[in-house]
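**Q** Input: one structure, supplied below.
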Amino acid sequence: MAPVGRLRNVVLDCEDPRQLGTFYRHLIGGELEIEAEEEEGDWVVLTVPGGPRLCFQAAPGHRPPDWPHAESGSQQAHLDLDVGPAVQDIERAEERVLALGAKPLDVDDDNGERDFRVYADPAGHPFCLCRIGAD
C-alpha cells in the first residue's frame with residue numbers, strides 16, 4: 001500500500017519561534033528562514049539537509065509539556081538525536097546543549113548503562129541525546 005503522503009514538517013509550538021529556531025539550528029544544523037508571508041516571525045522554518053523541515057509556530061501562552069507526566073493533559077512529543085556511540089559523546093553533546101540554553105530533565109544514565117539523556121529546549125519541549133546504534 002502506498003503512503004498517503006510524506007513527512008514535510010515537524011512543528012513545535014512556542015512563545016518565540018525565532019529564538020527556538022536558532023536553538024535548534026545550533027543543535028542540528030541547517031538553514032533558518034522566516035516564511036515570506038510571516039514577516040512578524042510567528043512561523044520560522046529550519047531546513048535540514050536529508051530530513052523533514054523543523055518548524056516553530058508562535059503560540060501565545062504556550063505551556064510546555066510536563067515530562068514525563070502525560071496524564072496531566074500536556075501534549076507529548078519529543079525528538080531523539082543520535083550523538084555518537086560512546087558515553088563521552090553524550091557528555092560532549094550535553095555540554096553543548098546546556099550552553100545553548102537546554103535544561104536537563106532526566107540525565108541519570110545509570111553509570112553509562114542507559115543510552116540516552118533527556119533535556120528540554122528553551123520553550124520546554126523534551127528531546128533526547130542518544131548513543132548512535134542504541135534502540
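Residue numbers start at 1 in each chain; chains themselves are named A, B, ... in the order of the C-alpha cells; ligands are numbered from 1 in the order shown.
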With a cut-off of 12 Å, could you pull out the residues of region 68-108 of chain A touching region 16-21 of chain A and give me the nearest pair of atoms for each, distance in Å to one decimal, using only C-alpha atoms, ordered by chain and ascending number, as JSON lines?

**A**
{"residue": "A:Leu100", "atom": "CA", "partner": "A:Leu20", "partner_atom": "CA", "distance": 10.3}
{"residue": "A:Gly101", "atom": "CA", "partner": "A:Leu20", "partner_atom": "CA", "distance": 9.8}
{"residue": "A:Ala102", "atom": "CA", "partner": "A:Leu20", "partner_atom": "CA", "distance": 10.4}

**Q** Could the residues in this selection be written to a file with all heavy atoms, as a JSON list (two decimals), in the first residue's frame?

**A**
[["chain", "number", "residue", "atom", "x", "y", "z"],
["A", 100, "LEU", "N", 23.66, 26.09, 24.97],
["A", 100, "LEU", "CA", 22.68, 26.69, 24.06],
["A", 100, "LEU", "C", 21.39, 27.09, 24.76],
["A", 100, "LEU", "O", 20.56, 27.77, 24.18],
["A", 100, "LEU", "CB", 22.34, 25.71, 22.93],
["A", 100, "LEU", "CG", 23.43, 25.48, 21.90],
["A", 100, "LEU", "CD1", 23.06, 24.31, 20.99],
["A", 100, "LEU", "CD2", 23.67, 26.75, 21.09],
["A", 101, "GLY", "N", 21.21, 26.65, 26.01],
["A", 101, "GLY", "CA", 20.01, 27.03, 26.75],
["A", 101, "GLY", "C", 19.08, 25.88, 27.10],
["A", 101, "GLY", "O", 18.00, 26.11, 27.63],
["A", 102, "ALA", "N", 19.48, 24.64, 26.80],
["A", 102, "ALA", "CA", 18.65, 23.49, 27.17],
["A", 102, "ALA", "C", 18.68, 23.32, 28.69],
["A", 102, "ALA", "O", 19.61, 23.76, 29.36],
["A", 102, "ALA", "CB", 19.16, 22.23, 26.49]]

**Q** Write out as a ChimeraX atom specification the residues lying within 10 Å of Cys55 (chain A), counting only C-alpha atoms and excluding same-chain residues fewer than 6 positions away.

**A** /A:8-13,17,20-21,24,32-34,43-47

**Q** Choose the residue, out of A:Arg25, A:His69, A:His62, A:Arg117, that has the smallest atom-to-atom separation from Leu105 (chain A); count only C-alpha atoms.

**A**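 Of A:Arg25, A:His69, A:His62, A:Arg117, the one nearest Leu105 (chain A), counting only C-alpha atoms, is A:Arg117.
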
**Q** Excluding region 84-91 of chain A and any residue of its chain fewer than 5 positions from it, enumerate the residues within 12 Å of it, using only C-alpha atoms, and give them as a PyMOL selection string.

**A** chain A and resi 96-98+107-119+128-135

**Q** Using CA of Gly30 (chain A) and CA of Gly50 (chain A) as the two end points, give the distance in Å to one decimal.

**A**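 If I compute the distance from CA of Gly30 (chain A) to CA of Gly50 (chain A), I get 10.0 Å.
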
**Q** Enumerate the residues of region 63-114 of chain A with a DSSP assignment of helix (DSSP H, G or I), computed from the backbone, and present them as a PyMOL selection string.

**A** chain A and resi 70-72+87-100

**Q** Determine which residues of chain A DSSP labels as strand (DSSP E) from the backbone of this structure, then write them out as number ranges by chain.

**A** A: 9-14, 31-34, 43-47, 53-58, 79-84, 103-106, 116-120, 126-131

**Q** Can you tell me how far CA of Gly124 (chain A) sits from CA of Pro64 (chain A), in Å to one decimal?

**A**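 Spanning CA of Gly124 (chain A) to CA of Pro64 (chain A) is a straight-line distance of 4.7 Å.
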
**Q** Tell me, in Å to one decimal, how far CA of Pro126 (chain A) is from CA of His78 (chain A).

**A**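 Between CA of Pro126 (chain A) and CA of His78 (chain A) the gap is 5.2 Å.
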
**Q** Kindly indicate which residue among A:Cys14, A:Glu94, A:Ala120, A:Phe127 lies nearest to Arg63 (chain A), using only C-alpha atoms for the distances.

**A**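 The closest residue to Arg63 (chain A) is A:Cys14.
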
**Q** Considering only C-alpha atoms, state which residue in the set A:Asp106, A:Asp121, A:Glu95, A:Glu15 is at the smallest distance from Gln57 (chain A).

**A** A:Glu15
